[in-house]
Structure formats: structure tokens, C-alpha cells
Amino acid sequence: MRLLDKERTGFSYVDSHTRKEIYRESDHDGVQIVLRGALIPKPAPRATLRSDTLSDPGVRAAIGGLLAETTDLTTDTADALWNRVLHIGLEHQRVRAKARGARRQEIIRTIKRLQDRLKGMPECRKYRRVA
């Protein structure tokens, strides 16, 4: 990375209307950065729990029961406990997402049905009610 002065950051271009070359000098210094590709793979995305999942009463009860079952908490059992909590939360999020998707499809189907009804209907009182 290095700092470039105003004169070096200037550029020229051809104006599309006048076909003249125009040189523009930058109004500030610039930073030149060279990026190189690396063979380091991108890490896999981590599963996360949203705050509304943790505040859901069913999830809270399930996690509370899980914590009540745990008698001794050591570093070895903490990872297993966290994985079970994560599994409970992710399962809840999956069920909610599936329900939202079904509701979305139902709304889209209803809108499509109403639009099809409007296509062949003359403009009258029924038309305005459907619209």
C-alpha cells in the first residue's frame, strides 16, 4: 500500500458528446492498494440463532429443561451442551421459515387467482370489489 499524489491519481477520458480528450486531476491524494488472490479457502458460514428465537417461550422451555438435565458443567460438556442448544434453536428457526414460506405461497396464490378473475371481468361494482 502506498500514497499517490494528486498528479498521479489524475486521469483522462474522451467526452462522448464533443469527442475531445479531457484530463481530470483529483482533488485529493489517493491510496494505491494491490490485492492478490490467495489459496486460503473461505470458512464455512456458522449457524447462528436470532434473538427472537431465543425469546420464544417454547425454545426457552426446551433450553431450560436441557440446562436442568445438566448436572456438571465442564469444558468438555459445555461444547456438547452448546451444540444441543444450537440444534434446538435452528430447528425452531427452520420450522418458522417453513411456515412463513407456506404463508407467502398462499398469499401469492390468492393474488394470482384474483388477478385472473379481474382479467375477464367487465368494469362494474364486482370488479371494484375484487380489485
# chains A, B, ... in the order shown; residues from 1 in each chain; ligands from 1

call {"tool": "residues_around", "arguments": {"residues": "Ile88 of chain A", "least_positions_apart": "4", "cutoff": "8 Å", "atoms": "only C-alpha atoms", "output": "PyMOL selection string"}}
result
chain A and resi 59+62-63+84+92

call {"tool": "select_by_dssp", "arguments": {"residues": "segment 42-126 of chain A", "states": "helix (DSSP H, G or I)", "output": "ChimeraX atom specification"}}
result
/A:51-54,57-69,75-119,125-126

call {"tool": "atom_distance", "arguments": {"atom1": "atom CA of Gly58 of chain A", "atom2": "atom CA of Leu86 of chain A"}}
result
14.1 Å
